Every structure is written in C-alpha cells, then in structure tokens.
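Only one structure is covered here, and it is reproduced in the block below.
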Amino acid sequence: MLSGVRTVHLVSAPLDMRRSFDGLLASARHLGLDPYEGCCVVFLSRSRQILKAVFGDDKGIKLLCRRFEGSCLPRLVDDLLAPGVTTISQAQLLMLFEGCSFEVRGVARSWRPTRLG
C-alpha cells in the first residue's frame, strides 16, 4: 500500500482539512519533511474525525484520506502524539486508518542469528 515509504510521521497540530495536495505538501515541507524522499506525513483534523496522509514516489504525490462517520479516532492517539511530529510504524498507520485502538508497550528487537563457534 505504501510502496517507497521509509518513515511515517504523525503531526500533532490540527490542520485545515480543506487542503489538498499542494497545501499538504507545503505543510509537510514547512515541518522539514519531504514526501518525495520517502516520508509519509499524516495530518489529523481538530475533531479527530479526518486523517490525511501525503506521500510520494517517482511518479507523483499520493493522498490517502479517511473520514470516520459518527465517531472519532480513539483518544489513545493523544498518547502517541508528542508536541510536533511523532514517528510511527506503517503498521500503526494502517491501524489508525482502520480506527483501531492499540497501545505500544514496546517494540520487538530485530532478530540476529547467533554466532556459532
């Protein structure tokens, strides 16, 4: 789904959700993030009912949107958000777009083969 995306950044400050490609791209670059360089930047509306993710590849910019009808994202999103920009995994992003509730207690270490000998 997010081919070419290396990092996902969740922006804590609410953004005007009337913005489209150019406005979101300008907001991302203002934060020092470049969707053309493998960053996916996720913006939330003040009401927590709308998510917009902007990311790019060699063919152009992509915009992924989700509006939650009659509800909003779980309040645990606030636990993820630090002031400014928070880096999350692609799995966490997909869970947010599904409206799932989750808690990160820790991240598994990378597996490395044991040395024989």
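Ligands are numbered from 1 in the order shown, residues from 1 within each chain, and chains are lettered A, B, ... in the order they appear in the structure tokens.
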
Distance query Cys40 in chain A at most 12 Å, only C-alpha atoms, self and fewer than 4 positions along chain excluded, as a PDB file with N, CA, C and O atoms, in the first residue's frame:
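This went into out25.pdb:
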ATOM      1  N   MET A   1       0.816  -1.197   0.000  1.00  0.00           N
ATOM      2  CA  MET A   1       0.000   0.000   0.000  1.00  0.00           C
ATOM      3  C   MET A   1       0.858   1.259   0.000  1.00  0.00           C
ATOM      4  O   MET A   1       0.601   2.185  -0.730  1.00  0.00           O
ATOM      5  N   LEU A   2       1.881   1.284   0.832  1.00  0.00           N
ATOM      6  CA  LEU A   2       2.738   2.461   0.936  1.00  0.00           C
ATOM      7  C   LEU A   2       4.112   2.166   0.356  1.00  0.00           C
ATOM      8  O   LEU A   2       5.127   2.261   1.043  1.00  0.00           O
ATOM      9  N   SER A   3       4.156   1.803  -0.907  1.00  0.00           N
ATOM     10  CA  SER A   3       5.425   1.468  -1.530  1.00  0.00           C
ATOM     11  C   SER A   3       6.331   2.694  -1.579  1.00  0.00           C
ATOM     12  O   SER A   3       5.889   3.800  -1.866  1.00  0.00           O
ATOM     13  N   GLY A   4       7.571   2.479  -1.253  1.00  0.00           N
ATOM     14  CA  GLY A   4       8.551   3.561  -1.284  1.00  0.00           C
ATOM     15  C   GLY A   4       8.602   4.408  -0.033  1.00  0.00           C
ATOM     16  O   GLY A   4       9.447   5.286   0.086  1.00  0.00           O
ATOM     17  N   VAL A   5       7.714   4.157   0.927  1.00  0.00           N
ATOM     18  CA  VAL A   5       7.690   4.940   2.167  1.00  0.00           C
ATOM     19  C   VAL A   5       8.668   4.320   3.154  1.00  0.00           C
ATOM     20  O   VAL A   5       8.609   3.132   3.445  1.00  0.00           O
ATOM     21  N   ARG A   6       9.597   5.136   3.636  1.00  0.00           N
ATOM     22  CA  ARG A   6      10.579   4.668   4.619  1.00  0.00           C
ATOM     23  C   ARG A   6      10.189   5.047   6.039  1.00  0.00           C
ATOM     24  O   ARG A   6      10.441   4.308   6.971  1.00  0.00           O
ATOM     25  N   THR A   7       9.603   6.222   6.213  1.00  0.00           N
ATOM     26  CA  THR A   7       9.209   6.673   7.547  1.00  0.00           C
ATOM     27  C   THR A   7       7.808   7.276   7.497  1.00  0.00           C
ATOM     28  O   THR A   7       7.397   7.840   6.480  1.00  0.00           O
ATOM     29  N   VAL A   8       7.096   7.136   8.618  1.00  0.00           N
ATOM     30  CA  VAL A   8       5.749   7.695   8.737  1.00  0.00           C
ATOM     31  C   VAL A   8       5.770   8.684   9.897  1.00  0.00           C
ATOM     32  O   VAL A   8       6.228   8.351  10.991  1.00  0.00           O
ATOM     33  N   HIS A   9       5.310   9.897   9.652  1.00  0.00           N
ATOM     34  CA  HIS A   9       5.317  10.953  10.662  1.00  0.00           C
ATOM     35  C   HIS A   9       3.891  11.410  10.933  1.00  0.00           C
ATOM     36  O   HIS A   9       3.155  11.761  10.007  1.00  0.00           O
ATOM     37  N   LEU A  10       3.508  11.391  12.205  1.00  0.00           N
ATOM     38  CA  LEU A  10       2.183  11.821  12.637  1.00  0.00           C
ATOM     39  C   LEU A  10       2.317  13.224  13.220  1.00  0.00           C
ATOM     40  O   LEU A  10       3.075  13.433  14.165  1.00  0.00           O
ATOM     41  N   VAL A  11       1.608  14.184  12.644  1.00  0.00           N
ATOM     42  CA  VAL A  11       1.701  15.587  13.054  1.00  0.00           C
ATOM     43  C   VAL A  11       0.642  15.858  14.116  1.00  0.00           C
ATOM     44  O   VAL A  11      -0.537  15.554  13.915  1.00  0.00           O
ATOM     45  N   LEU A  24      -1.060  20.370   1.594  1.00  0.00           N
ATOM     46  CA  LEU A  24      -0.463  19.379   2.488  1.00  0.00           C
ATOM     47  C   LEU A  24       1.024  19.220   2.225  1.00  0.00           C
ATOM     48  O   LEU A  24       1.819  19.075   3.154  1.00  0.00           O
ATOM     49  N   LEU A  25       1.415  19.264   0.967  1.00  0.00           N
ATOM     50  CA  LEU A  25       2.829  19.185   0.619  1.00  0.00           C
ATOM     51  C   LEU A  25       3.585  20.380   1.194  1.00  0.00           C
ATOM     52  O   LEU A  25       4.678  20.230   1.757  1.00  0.00           O
ATOM     53  N   ALA A  28       3.935  19.869   4.953  1.00  0.00           N
ATOM     54  CA  ALA A  28       4.965  18.857   5.241  1.00  0.00           C
ATOM     55  C   ALA A  28       6.358  19.452   5.080  1.00  0.00           C
ATOM     56  O   ALA A  28       7.235  19.268   5.934  1.00  0.00           O
ATOM     57  N   ARG A  29       6.571  20.183   4.012  1.00  0.00           N
ATOM     58  CA  ARG A  29       7.897  20.787   3.787  1.00  0.00           C
ATOM     59  C   ARG A  29       8.202  21.855   4.833  1.00  0.00           C
ATOM     60  O   ARG A  29       9.359  22.043   5.208  1.00  0.00           O
ATOM     61  N   LEU A  33       9.879  17.935   6.298  1.00  0.00           N
ATOM     62  CA  LEU A  33       9.648  16.589   5.788  1.00  0.00           C
ATOM     63  C   LEU A  33       9.344  16.658   4.299  1.00  0.00           C
ATOM     64  O   LEU A  33       8.644  17.558   3.850  1.00  0.00           O
ATOM     65  N   ASP A  34       9.885  15.718   3.546  1.00  0.00           N
ATOM     66  CA  ASP A  34       9.673  15.728   2.105  1.00  0.00           C
ATOM     67  C   ASP A  34       9.061  14.411   1.646  1.00  0.00           C
ATOM     68  O   ASP A  34       9.735  13.381   1.631  1.00  0.00           O
ATOM     69  N   PRO A  35       7.777  14.421   1.301  1.00  0.00           N
ATOM     70  CA  PRO A  35       7.121  13.192   0.847  1.00  0.00           C
ATOM     71  C   PRO A  35       7.772  12.563  -0.385  1.00  0.00           C
ATOM     72  O   PRO A  35       7.650  11.366  -0.588  1.00  0.00           O
ATOM     73  N   TYR A  36       8.471  13.346  -1.191  1.00  0.00           N
ATOM     74  CA  TYR A  36       9.155  12.780  -2.356  1.00  0.00           C
ATOM     75  C   TYR A  36      10.396  11.989  -1.954  1.00  0.00           C
ATOM     76  O   TYR A  36      10.939  11.246  -2.755  1.00  0.00           O
ATOM     77  N   LYS A  52      -5.484  12.517   6.978  1.00  0.00           N
ATOM     78  CA  LYS A  52      -4.974  12.661   5.622  1.00  0.00           C
ATOM     79  C   LYS A  52      -3.489  12.353   5.651  1.00  0.00           C
ATOM     80  O   LYS A  52      -2.747  12.907   6.460  1.00  0.00           O
ATOM     81  N   ALA A  53      -3.073  11.462   4.773  1.00  0.00           N
ATOM     82  CA  ALA A  53      -1.665  11.098   4.656  1.00  0.00           C
ATOM     83  C   ALA A  53      -1.196  11.480   3.263  1.00  0.00           C
ATOM     84  O   ALA A  53      -1.866  11.183   2.271  1.00  0.00           O
ATOM     85  N   VAL A  54      -0.058  12.133   3.183  1.00  0.00           N
ATOM     86  CA  VAL A  54       0.508  12.519   1.901  1.00  0.00           C
ATOM     87  C   VAL A  54       1.890  11.871   1.784  1.00  0.00           C
ATOM     88  O   VAL A  54       2.677  11.900   2.721  1.00  0.00           O
ATOM     89  N   PHE A  55       2.121  11.226   0.637  1.00  0.00           N
ATOM     90  CA  PHE A  55       3.409  10.600   0.381  1.00  0.00           C
ATOM     91  C   PHE A  55       3.629  10.570  -1.123  1.00  0.00           C
ATOM     92  O   PHE A  55       2.692  10.727  -1.900  1.00  0.00           O
ATOM     93  N   GLY A  56       4.859  10.406  -1.529  1.00  0.00           N
ATOM     94  CA  GLY A  56       5.172  10.490  -2.945  1.00  0.00           C
ATOM     95  C   GLY A  56       6.015   9.336  -3.426  1.00  0.00           C
ATOM     96  O   GLY A  56       6.538   8.545  -2.647  1.00  0.00           O
ATOM     97  N   ASP A  57       6.128   9.248  -4.731  1.00  0.00           N
ATOM     98  CA  ASP A  57       7.022   8.300  -5.363  1.00  0.00           C
ATOM     99  C   ASP A  57       7.575   8.963  -6.620  1.00  0.00           C
ATOM    100  O   ASP A  57       7.419  10.166  -6.803  1.00  0.00           O
ATOM    101  N   ILE A  61       2.642  12.616  -6.305  1.00  0.00           N
ATOM    102  CA  ILE A  61       2.202  12.656  -4.904  1.00  0.00           C
ATOM    103  C   ILE A  61       0.906  11.856  -4.763  1.00  0.00           C
ATOM    104  O   ILE A  61       0.060  11.872  -5.654  1.00  0.00           O
ATOM    105  N   LYS A  62       0.780  11.166  -3.633  1.00  0.00           N
ATOM    106  CA  LYS A  62      -0.436  10.410  -3.338  1.00  0.00           C
ATOM    107  C   LYS A  62      -1.048  10.971  -2.066  1.00  0.00           C
ATOM    108  O   LYS A  62      -0.341  11.384  -1.160  1.00  0.00           O
ATOM    109  N   LEU A  63      -2.366  10.966  -2.027  1.00  0.00           N
ATOM    110  CA  LEU A  63      -3.097  11.469  -0.881  1.00  0.00           C
ATOM    111  C   LEU A  63      -4.067  10.383  -0.439  1.00  0.00           C
ATOM    112  O   LEU A  63      -4.884   9.909  -1.220  1.00  0.00           O
ATOM    113  N   LEU A  64      -3.943   9.975   0.815  1.00  0.00           N
ATOM    114  CA  LEU A  64      -4.801   8.949   1.390  1.00  0.00           C
ATOM    115  C   LEU A  64      -5.642   9.612   2.469  1.00  0.00           C
ATOM    116  O   LEU A  64      -5.098  10.245   3.368  1.00  0.00           O
ATOM    117  N   VAL A  85       6.058  16.472  15.804  1.00  0.00           N
ATOM    118  CA  VAL A  85       5.923  15.348  14.896  1.00  0.00           C
ATOM    119  C   VAL A  85       6.394  14.078  15.596  1.00  0.00           C
ATOM    120  O   VAL A  85       7.441  14.068  16.223  1.00  0.00           O
ATOM    121  N   THR A  86       5.603  13.004  15.495  1.00  0.00           N
ATOM    122  CA  THR A  86       5.944  11.717  16.079  1.00  0.00           C
ATOM    123  C   THR A  86       6.133  10.704  14.957  1.00  0.00           C
ATOM    124  O   THR A  86       5.330  10.651  14.029  1.00  0.00           O
ATOM    125  N   THR A  87       7.190   9.912  15.037  1.00  0.00           N
ATOM    126  CA  THR A  87       7.413   8.862  14.053  1.00  0.00           C
ATOM    127  C   THR A  87       6.701   7.594  14.512  1.00  0.00           C
ATOM    128  O   THR A  87       6.843   7.181  15.659  1.00  0.00           O
ATOM    129  N   ILE A  88       5.906   7.007  13.607  1.00  0.00           N
ATOM    130  CA  ILE A  88       5.201   5.766  13.902  1.00  0.00           C
ATOM    131  C   ILE A  88       5.534   4.760  12.806  1.00  0.00           C
ATOM    132  O   ILE A  88       6.102   5.109  11.769  1.00  0.00           O
ATOM    133  N   SER A  89       5.156   3.504  13.008  1.00  0.00           N
ATOM    134  CA  SER A  89       5.418   2.470  12.006  1.00  0.00           C
ATOM    135  C   SER A  89       4.276   2.444  10.978  1.00  0.00           C
ATOM    136  O   SER A  89       3.194   2.981  11.210  1.00  0.00           O
ATOM    137  N   GLN A  90       4.541   1.777   9.861  1.00  0.00           N
ATOM    138  CA  GLN A  90       3.493   1.639   8.852  1.00  0.00           C
ATOM    139  C   GLN A  90       2.329   0.807   9.394  1.00  0.00           C
ATOM    140  O   GLN A  90       1.173   1.062   9.072  1.00  0.00           O
ATOM    141  N   LEU A  93       0.170   3.070  11.362  1.00  0.00           N
ATOM    142  CA  LEU A  93      -0.594   3.923  10.447  1.00  0.00           C
ATOM    143  C   LEU A  93      -1.807   3.180   9.897  1.00  0.00           C
ATOM    144  O   LEU A  93      -2.914   3.706   9.874  1.00  0.00           O
TER     145      LEU A  93
END

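Taking CA of Arg109 in chain A and CA of Ala91 in chain A as endpoints, the distance between them is 15.8 Å.
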
**Report entry** Residues flagged alpha helix (DSSP H) by DSSP in chain A, as number ranges by chain
**Finding:** A: 21-30, 76-80, 90-98

Writer output for current selection, N, CA and C atoms, as a CSV table (one decimal), in the first residue's frame:
chain,number,residue,atom,x,y,z
A,21,PHE,N,-3.5,18.4,-2.2
A,21,PHE,CA,-2.1,18.0,-2.5
A,21,PHE,C,-1.1,19.2,-2.2
A,22,ASP,N,-1.3,20.3,-2.8
A,22,ASP,CA,-0.3,21.4,-2.7
A,22,ASP,C,-0.3,21.9,-1.3
A,23,GLY,N,-1.4,22.1,-0.6
A,23,GLY,CA,-1.4,22.6,0.7
A,23,GLY,C,-0.8,21.7,1.7
A,24,LEU,N,-1.1,20.4,1.6
A,24,LEU,CA,-0.5,19.4,2.5
A,24,LEU,C,1.0,19.2,2.2
A,25,LEU,N,1.4,19.3,1.0
A,25,LEU,CA,2.8,19.2,0.6
A,25,LEU,C,3.6,20.4,1.2
A,26,ALA,N,3.0,21.6,1.1
A,26,ALA,CA,3.6,22.8,1.7
A,26,ALA,C,3.7,22.7,3.2
A,27,SER,N,2.7,22.1,3.9
A,27,SER,CA,2.8,22.0,5.3
A,27,SER,C,3.8,20.9,5.7
A,28,ALA,N,3.9,19.9,5.0
A,28,ALA,CA,5.0,18.9,5.2
A,28,ALA,C,6.4,19.5,5.1
A,29,ARG,N,6.6,20.2,4.0
A,29,ARG,CA,7.9,20.8,3.8
A,29,ARG,C,8.2,21.9,4.8
A,30,HIS,N,7.2,22.5,5.3
A,30,HIS,CA,7.4,23.5,6.4
A,30,HIS,C,7.9,22.9,7.6
A,76,LEU,N,-6.5,7.3,22.5
A,76,LEU,CA,-5.2,6.9,22.6
A,76,LEU,C,-4.2,7.5,21.6
A,77,VAL,N,-4.8,8.0,20.5
A,77,VAL,CA,-4.0,8.8,19.6
A,77,VAL,C,-3.2,9.9,20.3
A,78,ASP,N,-3.9,10.5,21.3
A,78,ASP,CA,-3.2,11.5,22.0
A,78,ASP,C,-2.0,11.0,22.8
A,79,ASP,N,-2.0,9.7,23.2
A,79,ASP,CA,-0.8,9.1,23.8
A,79,ASP,C,0.3,9.0,22.9
A,80,LEU,N,0.0,8.7,21.6
A,80,LEU,CA,1.1,8.6,20.6
A,80,LEU,C,1.7,10.0,20.3
A,90,GLN,N,4.5,1.8,9.9
A,90,GLN,CA,3.5,1.6,8.9
A,90,GLN,C,2.3,0.8,9.4
A,91,ALA,N,2.6,-0.2,10.2
A,91,ALA,CA,1.6,-1.0,10.8
A,91,ALA,C,0.7,-0.1,11.7
A,92,GLN,N,1.3,0.8,12.5
A,92,GLN,CA,0.5,1.7,13.3
A,92,GLN,C,-0.4,2.6,12.5
A,93,LEU,N,0.2,3.1,11.4
A,93,LEU,CA,-0.6,3.9,10.4
A,93,LEU,C,-1.8,3.2,9.9
A,94,LEU,N,-1.6,2.0,9.5
A,94,LEU,CA,-2.7,1.2,8.9
A,94,LEU,C,-3.8,0.9,10.0
A,95,MET,N,-3.4,0.7,11.2
A,95,MET,CA,-4.3,0.6,12.3
A,95,MET,C,-5.1,1.8,12.6
A,96,LEU,N,-4.4,3.0,12.5
A,96,LEU,CA,-5.1,4.3,12.7
A,96,LEU,C,-6.2,4.4,11.6
A,97,PHE,N,-5.8,4.1,10.3
A,97,PHE,CA,-6.8,4.2,9.2
A,97,PHE,C,-7.9,3.3,9.4
A,98,GLU,N,-7.8,2.2,10.1
A,98,GLU,CA,-8.9,1.3,10.4
A,98,GLU,C,-9.7,1.8,11.6

Report task. Could you please determine the separation between CA of Ser12 in chain A and CA of Phe43 in chain A in Å, to one decimal place? Result -> 7.5 Å
